There are 6 protein chains.
Amino acid sequence: MSSHIERAKILVEALPYIQKYYNKTVVIKYGGNAMINEELKQAVINDIVLLSLVGVKVVVVHGGGPEITAMFERVGKESKFVNGLRYTDDDSMDLVQMVLAGKLNKEIVSIINKAGGRAIGLCGIDGGLFKAEKLTEDGFDYGRVGEITEVDTSVVNDALSCGFIPVISTVAQGEDGSYNINADTAAAKLASALKAEKVMLLTDIAGLMMDPNDPATLIRDINVSEIPRLQRDGVISGGMIPKIDCCVEAVRQGVKQANILDGRVPHSILMEMLSDEGIGTMIYGERCV
Amino acid sequence: MSSHIERAKILVEALPYIQKYYNKTVVIKYGGNAMINEELKQAVINDIVLLSLVGVKVVVVHGGGPEITAMFERVGKESKFVNGLRYTDDDSMDLVQMVLAGKLNKEIVSIINKAGGRAIGLCGIDGGLFKAEKLTEDGFDYGRVGEITEVDTSVVNDALSCGFIPVISTVAQGEDGSYNINADTAAAKLASALKAEKVMLLTDIAGLMMDPNDPATLIRDINVSEIPRLQRDGVISGGMIPKIDCCVEAVRQGVKQANILDGRVPHSILMEMLSDEGIGTMIYGERCV
Amino acid sequence: MSSHIERAKILVEALPYIQKYYNKTVVIKYGGNAMINEELKQAVINDIVLLSLVGVKVVVVHGGGPEITAMFERVGKESKFVNGLRYTDDDSMDLVQMVLAGKLNKEIVSIINKAGGRAIGLCGIDGGLFKAEKLTEDGFDYGRVGEITEVDTSVVNDALSCGFIPVISTVAQGEDGSYNINADTAAAKLASALKAEKVMLLTDIAGLMMDPNDPATLIRDINVSEIPRLQRDGVISGGMIPKIDCCVEAVRQGVKQANILDGRVPHSILMEMLSDEGIGTMIYGERCV
Amino acid sequence: MSSHIERAKILVEALPYIQKYYNKTVVIKYGGNAMINEELKQAVINDIVLLSLVGVKVVVVHGGGPEITAMFERVGKESKFVNGLRYTDDDSMDLVQMVLAGKLNKEIVSIINKAGGRAIGLCGIDGGLFKAEKLTEDGFDYGRVGEITEVDTSVVNDALSCGFIPVISTVAQGEDGSYNINADTAAAKLASALKAEKVMLLTDIAGLMMDPNDPATLIRDINVSEIPRLQRDGVISGGMIPKIDCCVEAVRQGVKQANILDGRVPHSILMEMLSDEGIGTMIYGERCV
Amino acid sequence: MSSHIERAKILVEALPYIQKYYNKTVVIKYGGNAMINEELKQAVINDIVLLSLVGVKVVVVHGGGPEITAMFERVGKESKFVNGLRYTDDDSMDLVQMVLAGKLNKEIVSIINKAGGRAIGLCGIDGGLFKAEKLTEDGFDYGRVGEITEVDTSVVNDALSCGFIPVISTVAQGEDGSYNINADTAAAKLASALKAEKVMLLTDIAGLMMDPNDPATLIRDINVSEIPRLQRDGVISGGMIPKIDCCVEAVRQGVKQANILDGRVPHSILMEMLSDEGIGTMIYGERCV
Amino acid sequence: MSSHIERAKILVEALPYIQKYYNKTVVIKYGGNAMINEELKQAVINDIVLLSLVGVKVVVVHGGGPEITAMFERVGKESKFVNGLRYTDDDSMDLVQMVLAGKLNKEIVSIINKAGGRAIGLCGIDGGLFKAEKLTEDGFDYGRVGEITEVDTSVVNDALSCGFIPVISTVAQGEDGSYNINADTAAAKLASALKAEKVMLLTDIAGLMMDPNDPATLIRDINVSEIPRLQRDGVISGGMIPKIDCCVEAVRQGVKQANILDGRVPHSILMEMLSDEGIGTMIYGERCV
């Protein structure tokens, strides 16, 4: 009996956090280990369905690195990376899109539905969600890697108001065909366009640390205005650079909070949203905590 | 960290139960110790607010025995009981109504609001909710104790659809003034009229037991069709008789489940609604489990 | 037959006034003799129901002086006044709230409903309508007499849009319990928050008079900007001071008209609203007649 | 002052009648002296606007005898009557339609609007309201006099729900052009199709009398089942025959009451609707009073 | 078969034009030959019904010159023109209104309904659409010819949102009776008040030509800012002056395009709206093509 | 000019057909040559966008034979057919789903959007649209080829009411993973569940012919009750058998018409819908033409 009471207490303690996010939009970039490990995957899906049920408008944006690599191997195509981004020729784009929008997207939808949620799988082409053009950065040529030039949120808002959890593959519509979009960037752009309360990037690290080798130096929350200093000091480096850039961009565009979450910890989404301590690193706007 | 994960798991385990009651109406008869003990009171209120937040349409019906007695004492009026019911003369009715609708009702509303809910306090007079006439049972005269002759649920439905938790004092409108209504009866009648999913009576006992002295003989659930046999066998006796009658009446009028809950156990409402085992005794309709 | 035609003519003559207030919000502070005398009471209620029926959004705010005094006497508590306001200790507050929200409020609701209206009784605690803190004026201590710090009109607007006449007891929610609010002040504050067309204070005087002993000197209407001069000249004195202050406050906050009505005259509300001459004293804004 | 109170009382006494017709549809056939005499005309219009304002859904159907005759004279066309109905050749139909839909209809709309109502003028052609075919009765040929074969109430319902008072000319759409419809018949048919509460025919007589020469023999109300006997006995004769037939038809099709009103008495509409005694003759259904 | 494919191609080619006007408001001034010739009439009506069906909000404003003249002749009244406008005395106004609102208006409604549209016939009196006063221009007296002083579009918007095609006679409400309004002016004013996308005047000329005798000099489109120069140069002369003035006024008030169409060419409305070349002369705003 | 008038006339002639299908649901099974040939593809898409624009609720269901075969070849997997259906092992299912839901589906969406429509790409997994289980027919084992056991149309209806054209890949959700569904069957089942007006199967034949070698023997329309006789007589044979079965099933379930269309003819969809003659073979219900 006492364990039952304990469980009820825990539910009740979640109350203020549920109230805080009631009817707010939260964009979750789903990727990394949490998309591969079966147990972690199930925990993420359950978190998403629970949030949806208690009134949070959850939008899922997913990438698909390992599955794409596997598909490339299967058809005997070499994965080629330029400046850290997968070079995508026309034929590769086809494969990328099929894996993202045809396989992973529908798999996530399927698991959410089985867990009692109501999901719908979309990509940036549906309803004209993401328009893109060729990414031209620093003089590199990434093939059909694109950058988003326009976000039309109506299909996502319609899905939300019809009670669905939109699950979105990061393929965008270009003038001359599809473009492959970095999922962190797409999540940040979409969160901005939706005027979301929060965007959360599920990663395979504990968060931003002053000393990457010492978990004790984890930065729990930081005002977006302090990021440039950390960039100058080299605290933000390697794979963290683009992720933090996405967070900064989202917060600057009006998203209240951007989080780097550790996707290797089960239920990290709920822990971040339904407790005071949170988890990972939160970047917040200049005028709010 | 692990305790956080544990808490998240507990939240996730509540998912199917939350889904089960989503957008369903549940009537809670609030009374007994749970209305006196401060800690129990807070637990009940938190349960109510949480249920409301996860999409359950909660309606609270309350009585007020001890507070009424205290008020009688204060004005030097003797409490007189006829056949187990408080005899209520015209002057007493005034006092009863003031305590119920003026004090306890607003106190419950106030605590719910402080806990983050949105409550509104009503009585059977508001919006013509309960019409009543003098109770004439077995030839006894109970004064202004009434029985409900008509329920107009529009004020309750309007309050629910505006997002409020209606908290209802069991005073009804008669042709010739107010009537005092038994709260269990009122809760059952209202649940029937609202076509509620569930009505729960918070009591000061563990539930219906084959042997009232042996908690191990608790009847966890029972089909309404088996109640008459238990009545004949004397298993249902004393104060249990009217409570079980209310449950039977509600279930026969279409409420799916009626529960006798132990209000002395904190969070008994959540435990009943958000777990498989439930708590106390559940009476269910003939065609469903 | 001719008397019938006469009656029809009178109805038709009310047309332009009905049109003027169609779908407008009017707050009526109900109190004084009109709340004690049975005939006057019935006339007020009939006026309210009629206005509601012809499309006016009527909100009733009531006080309860004499009934509170009677209750105090009954429990052997002395009524103590400080600077003209009833000193309210914690225990008194309980009694005040019970009489207002439990007795008078429901009685008004009951009579309106019997007259064919659809009323709902609320107090400042319901739906968080009035937040208050301890009144600290001129260094006096009035106990639990409060001043309103916040008005959340949603519960009143919801009630109006569901077709109810909200009847409101002037008890407010404080951080540390209920507070007793002056009914004239509450009516004025509520009218301001509702952006009402008109607030009417039912009193036991004919209106504001240049010479209080000479009814012929009644001021029929006056621009709010001329009030300060009358205050300086001592024309406004005694019990008139706080009432005029309420009117001025309401008009300054955007209510178009504030009226001091003579509640001792039957149907003074209808007479004010449905005729050219009006009755009592009207205070209007600087830019309108 | 006392006359003011008297007026307020009269308004209040109208309350129960206003409540009775609230949101109900009432069809008024407007014609006869009440359409010619300026004072009567203004009284009718005021009655209509008042009823509309207090929540009655008023629909006006009008004829136009004298004006049509005047127009015929003007163009040198002889009015020819067959079996009591105006024979209407193709050219006459044009004139009839112009007078009804172009002159009288817009005049009524104009006066209602000036009196503060919101009227819209329609005829049976608009929105396909009335479909008709040539009237073939008793072997007579009436030219383009038609009988209604189909009523599509959508244009009237749309106008009512947009808050307009529909004013309807009794011209209908035939396969081969317009048809002239008897206004009493059209009002009765429309009332039936609208499932109206009441249809009222404004006439130039006091009502149905046992002895047409003795006003004291006026039949105030009569069950529709008793009409056939009166027809057999010759009590219903002359111009009364078709009017009573319309009333009977409407009541048999579900309209609760049909009234023969004396349009020569100012405010006869209000007198019928807002008093107990009523005026003229009321024919009611078999199962209601 | 190939002719079928051809027809399908033509339908498909209309796509972008249909999309362009989807849900936009277009006001058509219907008059001239297109209102007299049976074949042209049917073509105009079909164009209107088709546009309505593919999602254009069509509003028809009509005049009625020849029919009015015929009516005048019939009653032996001489048509008198002042400064190019029909002088309208009180009696004439009656005739004008009857022909416009009673005959032509209902005839257009009837034909639209037969062609499968849903039309409703209104004039400026209905719902207070057009308020007017006596036209006083250049010291001439035109009798009851009026100029519009106020447009209340609610009756037109209500009709459009209920799915009707409003057909409007240009009679307006004055303080002292009806006024006759020039139909081109009324169409332009209404288009402005409705914030229409386009107003189209059906005329009996090919459009504005540099040399009125040489169709090859037709001006296909012209920026409103260039009109004054053409006026000074005398290119705009005679009957063209008021028509162009209407167009200029409409465009200056926010209507995107105003067109002078040749109503003698069947389907000129569709040709203008559903092809690139258009037909006649288009006057457009300073900031758009 | 005359060619312009001709075009306008053709548009107008389409009117009655557009009216016939206004707001009706039409399911189009898109496949065969019309999905390969670029010109035919564009014609189909234009037809779809036009129908959508003129108020038809178009739902597109597509298959993908040749692209799937190409993908199989690319990964070196042999296409294996059992009883005319592609045998689909677990790995093949992945490929099939990727090609259908990830490539072809998004390509169709993209082309519709470019043509000015608003499409959204879904598969049977999204929103739980199609539930399926393993097809077990005649003792054959087809691997993951499934048959639909349940259709939940809410996601399609939501998309339609938000103004989108749903484009659906025929992948369904099974208990143990995805299933491949025959596209003709899926279209027929969906049309039945949507209570569609019409289902059209785009094929590579002219329709059902009495003599397959003689186009002159084409059956233009046939009552569903006559199909069994043709089946017995062997007129329906080969690939026609399952297609006709789908049509029969749809019509028996309440779809008014099922069409076998020749997808090799450009604009066959428009020709069928917007002309009297139609194209291909139409199977209609027993009680309608």
# chains A, B, ... in the order shown; residues from 1 in each chain; ligands from 1
call {"tool": "residues_around", "arguments": {"residues": "C:Glu226", "least_positions_apart": "4", "cutoff": "10 Å", "atoms": "only C-alpha atoms", "output": "list in words"}}
result
Ile222, Leu230, Gln231, Ile283 and Glu286 of chain C
call {"tool": "residues_around", "arguments": {"residues": "A:Gln173", "least_positions_apart": "6", "cutoff": "10 Å", "atoms": "only C-alpha atoms", "output": "ChimeraX atom specification"}}
result
/A:123-126,128-133,146,148-150,179-180 /F:106,110,113-114
call {"tool": "write_last_selection", "arguments": {"atoms": "N, CA, C and O atoms", "output": "short mmCIF file (atom, residue, chain, number, x, y, z; two decimals), in the first residue's frame"}}
result
data_model
loop_
_atom_site.label_atom_id
_atom_site.label_comp_id
_atom_site.auth_asym_id
_atom_site.auth_seq_id
_atom_site.Cartn_x
_atom_site.Cartn_y
_atom_site.Cartn_z
N CYS A 123 7.11 15.10 -43.85
CA CYS A 123 8.44 15.62 -44.08
C CYS A 123 8.27 17.07 -44.56
O CYS A 123 7.16 17.57 -44.67
N GLY A 124 9.38 17.73 -44.83
CA GLY A 124 9.32 19.14 -45.17
C GLY A 124 8.61 19.44 -46.47
O GLY A 124 8.28 20.59 -46.78
N ILE A 125 8.37 18.38 -47.28
CA ILE A 125 7.67 18.57 -48.55
C ILE A 125 6.16 18.68 -48.31
O ILE A 125 5.47 19.44 -48.99
N ASP A 126 5.67 17.94 -47.31
CA ASP A 126 4.22 17.92 -47.06
C ASP A 126 3.70 19.30 -46.66
O ASP A 126 4.22 19.93 -45.75
N GLY A 128 4.13 21.95 -47.94
CA GLY A 128 5.10 23.03 -48.13
C GLY A 128 5.78 23.47 -46.85
O GLY A 128 6.14 24.65 -46.69
N LEU A 129 5.98 22.51 -45.91
CA LEU A 129 6.52 22.85 -44.59
C LEU A 129 7.89 23.54 -44.65
O LEU A 129 8.09 24.62 -44.11
N PHE A 130 8.87 22.88 -45.31
CA PHE A 130 10.21 23.47 -45.43
C PHE A 130 10.57 23.72 -46.88
O PHE A 130 10.60 22.79 -47.68
N LYS A 131 10.86 24.97 -47.21
CA LYS A 131 11.46 25.28 -48.51
C LYS A 131 12.96 25.44 -48.27
O LYS A 131 13.37 25.97 -47.24
N ALA A 132 13.77 24.95 -49.22
CA ALA A 132 15.22 25.03 -49.02
C ALA A 132 15.95 25.36 -50.31
O ALA A 132 15.41 25.23 -51.40
N GLU A 133 17.18 25.80 -50.14
CA GLU A 133 18.06 25.90 -51.30
C GLU A 133 19.43 25.30 -50.91
O GLU A 133 19.67 24.96 -49.75
N GLY A 146 20.83 21.05 -47.91
CA GLY A 146 20.20 22.36 -48.10
C GLY A 146 20.13 23.18 -46.84
O GLY A 146 20.41 22.70 -45.73
N ILE A 148 17.32 25.80 -44.91
CA ILE A 148 15.91 26.18 -44.96
C ILE A 148 15.78 27.67 -45.24
O ILE A 148 16.42 28.50 -44.59
N THR A 149 14.96 28.00 -46.24
CA THR A 149 14.76 29.42 -46.58
C THR A 149 13.37 29.90 -46.16
O THR A 149 13.11 31.08 -46.09
N GLU A 150 12.48 28.96 -45.87
CA GLU A 150 11.11 29.34 -45.57
C GLU A 150 10.43 28.21 -44.80
O GLU A 150 10.58 27.04 -45.14
N TYR A 179 15.97 18.41 -50.70
CA TYR A 179 17.24 18.71 -50.06
C TYR A 179 17.28 18.04 -48.68
O TYR A 179 16.25 17.89 -48.02
N ASN A 180 18.47 17.63 -48.30
CA ASN A 180 18.71 17.02 -47.00
C ASN A 180 19.05 18.12 -46.00
O ASN A 180 19.93 18.93 -46.26
N LYS F 106 6.19 11.24 -51.63
CA LYS F 106 6.64 12.63 -51.48
C LYS F 106 6.80 13.29 -52.84
O LYS F 106 6.65 14.51 -52.96
N SER F 110 4.98 16.64 -53.87
CA SER F 110 5.78 17.75 -54.36
C SER F 110 5.23 18.32 -55.67
O SER F 110 5.12 19.54 -55.84
N ASN F 113 1.95 20.17 -55.05
CA ASN F 113 2.21 21.49 -54.43
C ASN F 113 2.73 22.48 -55.46
O ASN F 113 2.34 23.65 -55.46
N LYS F 114 3.63 22.01 -56.33
CA LYS F 114 4.16 22.92 -57.36
C LYS F 114 3.07 23.38 -58.30
O LYS F 114 3.11 24.49 -58.83
#
call {"tool": "select_by_dssp", "arguments": {"residues": "stretch 85-258 of chain F", "states": "strand (DSSP E)", "output": "short mmCIF file (atom, residue, chain, number, x, y, z; two decimals) with N, CA, C and O atoms, in the first residue's frame"}}
result
data_model
loop_
_atom_site.label_atom_id
_atom_site.label_comp_id
_atom_site.auth_asym_id
_atom_site.auth_seq_id
_atom_site.Cartn_x
_atom_site.Cartn_y
_atom_site.Cartn_z
N LEU F 85 0.99 -11.89 -57.21
CA LEU F 85 1.31 -10.84 -56.23
C LEU F 85 2.79 -10.94 -55.87
O LEU F 85 3.35 -12.03 -55.77
N ARG F 86 3.41 -9.79 -55.63
CA ARG F 86 4.82 -9.77 -55.28
C ARG F 86 5.00 -10.42 -53.89
O ARG F 86 4.43 -9.95 -52.91
N ALA F 119 -0.94 19.47 -50.90
CA ALA F 119 -1.01 18.04 -50.62
C ALA F 119 -0.24 17.69 -49.36
O ALA F 119 0.63 18.43 -48.90
N ILE F 120 -0.58 16.53 -48.80
CA ILE F 120 0.07 16.01 -47.63
C ILE F 120 0.19 14.50 -47.87
O ILE F 120 -0.77 13.86 -48.30
N GLY F 121 1.40 13.97 -47.63
CA GLY F 121 1.64 12.55 -47.92
C GLY F 121 1.51 11.69 -46.68
O GLY F 121 2.12 11.98 -45.65
N LEU F 122 0.70 10.65 -46.76
CA LEU F 122 0.47 9.78 -45.62
C LEU F 122 0.62 8.33 -46.06
O LEU F 122 0.60 8.03 -47.25
N CYS F 123 0.76 7.42 -45.10
CA CYS F 123 0.60 6.01 -45.42
C CYS F 123 -0.36 5.41 -44.40
O CYS F 123 -0.86 6.11 -43.51
N PHE F 130 -4.76 2.45 -41.82
CA PHE F 130 -5.04 1.06 -42.22
C PHE F 130 -4.42 0.08 -41.23
O PHE F 130 -3.21 0.08 -41.03
N LYS F 131 -5.26 -0.77 -40.65
CA LYS F 131 -4.74 -1.92 -39.88
C LYS F 131 -4.83 -3.12 -40.81
O LYS F 131 -5.80 -3.25 -41.57
N ALA F 132 -3.82 -4.00 -40.75
CA ALA F 132 -3.84 -5.16 -41.64
C ALA F 132 -3.33 -6.41 -40.95
O ALA F 132 -2.69 -6.35 -39.91
N GLU F 133 -3.66 -7.54 -41.56
CA GLU F 133 -3.02 -8.77 -41.13
C GLU F 133 -2.58 -9.53 -42.39
O GLU F 133 -2.92 -9.14 -43.51
N LYS F 134 -1.80 -10.58 -42.18
CA LYS F 134 -1.23 -11.34 -43.29
C LYS F 134 -2.35 -11.87 -44.19
O LYS F 134 -3.35 -12.43 -43.71
N GLY F 146 -0.47 -7.92 -47.09
CA GLY F 146 -1.52 -7.96 -46.08
C GLY F 146 -2.90 -7.69 -46.64
O GLY F 146 -3.05 -7.27 -47.80
N GLU F 147 -3.89 -7.94 -45.82
CA GLU F 147 -5.23 -7.48 -46.20
C GLU F 147 -5.76 -6.58 -45.08
O GLU F 147 -5.51 -6.81 -43.89
N ILE F 148 -6.44 -5.55 -45.49
CA ILE F 148 -6.90 -4.53 -44.54
C ILE F 148 -8.01 -5.09 -43.66
O ILE F 148 -8.97 -5.67 -44.16
N THR F 149 -7.85 -4.93 -42.35
CA THR F 149 -8.87 -5.42 -41.42
C THR F 149 -9.66 -4.27 -40.79
O THR F 149 -10.72 -4.47 -40.22
N GLU F 150 -9.11 -3.08 -40.90
CA GLU F 150 -9.76 -1.94 -40.23
C GLU F 150 -9.31 -0.65 -40.89
O GLU F 150 -8.12 -0.48 -41.18
N VAL F 151 -10.24 0.26 -41.14
CA VAL F 151 -9.89 1.56 -41.72
C VAL F 151 -10.35 2.64 -40.73
O VAL F 151 -11.53 2.67 -40.36
N ILE F 165 -4.99 17.88 -49.88
CA ILE F 165 -5.24 16.71 -50.71
C ILE F 165 -4.42 15.57 -50.12
O ILE F 165 -3.19 15.61 -50.18
N PRO F 166 -5.05 14.58 -49.49
CA PRO F 166 -4.25 13.50 -48.92
C PRO F 166 -3.76 12.55 -50.02
O PRO F 166 -4.54 12.12 -50.87
N VAL F 167 -2.47 12.25 -49.99
CA VAL F 167 -1.85 11.32 -50.94
C VAL F 167 -1.38 10.14 -50.11
O VAL F 167 -0.58 10.31 -49.20
N ILE F 168 -1.87 8.93 -50.45
CA ILE F 168 -1.70 7.81 -49.52
C ILE F 168 -0.95 6.63 -50.12
O ILE F 168 -1.34 6.09 -51.17
N SER F 169 0.13 6.24 -49.44
CA SER F 169 0.87 5.03 -49.79
C SER F 169 0.21 3.84 -49.14
O SER F 169 -0.20 3.91 -47.98
N VAL F 171 0.78 1.19 -47.47
CA VAL F 171 1.47 0.41 -46.46
C VAL F 171 0.55 0.43 -45.24
O VAL F 171 0.01 1.48 -44.91
N ALA F 172 0.35 -0.72 -44.61
CA ALA F 172 -0.57 -0.77 -43.47
C ALA F 172 0.15 -1.24 -42.22
O ALA F 172 1.24 -1.84 -42.29
N GLN F 173 -0.46 -0.98 -41.09
CA GLN F 173 0.11 -1.35 -39.80
C GLN F 173 -0.42 -2.72 -39.38
O GLN F 173 -1.62 -2.91 -39.27
N GLY F 174 0.50 -3.68 -39.16
CA GLY F 174 0.09 -4.97 -38.62
C GLY F 174 0.56 -5.09 -37.18
O GLY F 174 1.31 -4.25 -36.69
N GLY F 177 4.39 -5.48 -37.48
CA GLY F 177 5.14 -4.67 -38.44
C GLY F 177 4.27 -4.26 -39.62
O GLY F 177 3.06 -4.46 -39.60
N SER F 178 4.91 -3.68 -40.61
CA SER F 178 4.18 -3.15 -41.76
C SER F 178 3.73 -4.26 -42.70
O SER F 178 4.35 -5.32 -42.75
N TYR F 179 2.68 -3.99 -43.46
CA TYR F 179 2.23 -4.90 -44.50
C TYR F 179 2.05 -4.13 -45.80
O TYR F 179 1.70 -2.95 -45.80
N ASN F 180 2.33 -4.82 -46.90
CA ASN F 180 2.17 -4.27 -48.24
C ASN F 180 0.75 -4.57 -48.71
O ASN F 180 0.31 -5.71 -48.66
N LYS F 198 -17.31 8.34 -55.50
CA LYS F 198 -16.73 7.73 -56.70
C LYS F 198 -15.33 7.24 -56.38
O LYS F 198 -14.59 7.91 -55.65
N VAL F 199 -14.98 6.08 -56.91
CA VAL F 199 -13.59 5.64 -56.87
C VAL F 199 -13.17 5.38 -58.31
O VAL F 199 -13.92 4.80 -59.09
N MET F 200 -11.97 5.86 -58.69
CA MET F 200 -11.51 5.72 -60.07
C MET F 200 -10.17 5.01 -60.09
O MET F 200 -9.22 5.48 -59.46
N LEU F 201 -10.09 3.90 -60.81
CA LEU F 201 -8.82 3.19 -60.93
C LEU F 201 -8.16 3.54 -62.26
O LEU F 201 -8.70 3.24 -63.32
N LEU F 202 -7.02 4.20 -62.20
CA LEU F 202 -6.27 4.54 -63.41
C LEU F 202 -5.52 3.29 -63.86
O LEU F 202 -4.66 2.79 -63.13
N THR F 203 -5.82 2.80 -65.08
CA THR F 203 -5.18 1.57 -65.56
C THR F 203 -4.51 1.80 -66.90
O THR F 203 -4.50 2.93 -67.39
N ASP F 221 -21.05 1.66 -69.30
CA ASP F 221 -21.48 1.59 -67.91
C ASP F 221 -22.29 0.34 -67.70
O ASP F 221 -22.93 -0.18 -68.61
N ILE F 222 -22.26 -0.15 -66.50
CA ILE F 222 -22.88 -1.43 -66.21
C ILE F 222 -23.32 -1.47 -64.76
O ILE F 222 -22.60 -1.00 -63.88
N ASN F 223 -24.51 -2.01 -64.54
CA ASN F 223 -25.02 -2.14 -63.18
C ASN F 223 -24.25 -3.25 -62.48
O ASN F 223 -23.96 -4.29 -63.07
N GLN F 257 -20.26 5.16 -57.61
CA GLN F 257 -19.72 4.73 -58.90
C GLN F 257 -18.27 4.29 -58.75
O GLN F 257 -17.50 4.90 -58.01
N ALA F 258 -17.89 3.26 -59.50
CA ALA F 258 -16.49 2.86 -59.57
C ALA F 258 -16.10 2.84 -61.03
O ALA F 258 -16.87 2.34 -61.87
#
call {"tool": "select_by_dssp", "arguments": {"residues": "stretch 77-255 of chain A", "states": "helix (DSSP H, G or I)", "output": "PyMOL selection string"}}
result
chain A and resi 90-114+126-128+154-161+183-193+215-217+224-232+240-252
call {"tool": "residues_around", "arguments": {"residues": "stretch 34-46 of chain D", "least_positions_apart": "2", "cutoff": "10 Å", "atoms": "only C-alpha atoms", "output": "VMD selection string"}}
result
(chain C and resid 8 to 9 11 to 13 15) or (chain D and resid 30 to 32 48 to 52 62 to 67 104 108 to 109 111 to 117 202 to 204 262 to 270)
call {"tool": "write_last_selection", "arguments": {"atoms": "C-alpha atoms", "output": "short mmCIF file (atom, residue, chain, number, x, y, z; two decimals), in the first residue's frame"}}
result
data_model
loop_
_atom_site.label_atom_id
_atom_site.label_comp_id
_atom_site.auth_asym_id
_atom_site.auth_seq_id
_atom_site.Cartn_x
_atom_site.Cartn_y
_atom_site.Cartn_z
CA ALA C 8 -48.69 48.18 -25.48
CA LYS C 9 -47.73 51.80 -26.10
CA LEU C 11 -43.84 48.77 -24.03
CA VAL C 12 -43.13 50.29 -27.40
CA GLU C 13 -41.88 53.50 -25.83
CA LEU C 15 -37.82 50.37 -27.36
CA TYR D 30 -49.24 42.03 -42.61
CA GLY D 31 -52.03 43.52 -44.66
CA GLY D 32 -55.35 45.36 -44.71
CA ILE D 48 -42.33 44.02 -34.78
CA VAL D 49 -39.14 45.79 -33.73
CA LEU D 50 -39.90 45.34 -30.05
CA LEU D 51 -40.62 41.63 -30.44
CA SER D 52 -37.43 41.21 -32.43
CA HIS D 62 -47.10 40.98 -46.71
CA GLY D 63 -49.70 41.35 -49.43
CA GLY D 64 -50.58 44.54 -51.21
CA GLY D 65 -54.13 44.73 -52.57
CA PRO D 66 -54.83 48.48 -52.73
CA GLU D 67 -51.41 49.45 -54.07
CA LEU D 104 -44.17 47.79 -50.61
CA ILE D 108 -41.70 48.08 -44.93
CA VAL D 109 -37.97 47.31 -44.68
CA ILE D 111 -39.67 51.78 -41.83
CA ILE D 112 -38.47 48.87 -39.71
CA ASN D 113 -34.87 50.01 -40.13
CA LYS D 114 -35.78 53.55 -39.18
CA ALA D 115 -37.50 52.24 -36.06
CA GLY D 116 -34.24 50.63 -35.03
CA GLY D 117 -34.79 47.11 -36.38
CA LEU D 202 -53.73 40.88 -39.51
CA THR D 203 -57.26 41.47 -40.84
CA ASP D 204 -59.90 44.16 -40.87
CA ASP D 262 -57.90 42.92 -35.77
CA GLY D 263 -55.37 45.07 -37.54
CA ARG D 264 -57.54 48.17 -37.04
CA VAL D 265 -56.62 48.18 -33.35
CA PRO D 266 -53.17 49.68 -32.75
CA HIS D 267 -50.63 47.29 -31.22
CA SER D 268 -52.89 44.29 -31.71
CA ILE D 269 -49.77 42.15 -32.23
CA LEU D 270 -48.29 43.06 -28.84
#
call {"tool": "atom_distance", "arguments": {"atom1": "atom CA of D:Tyr21", "atom2": "atom CA of D:Glu277"}}
result
15.9 Å
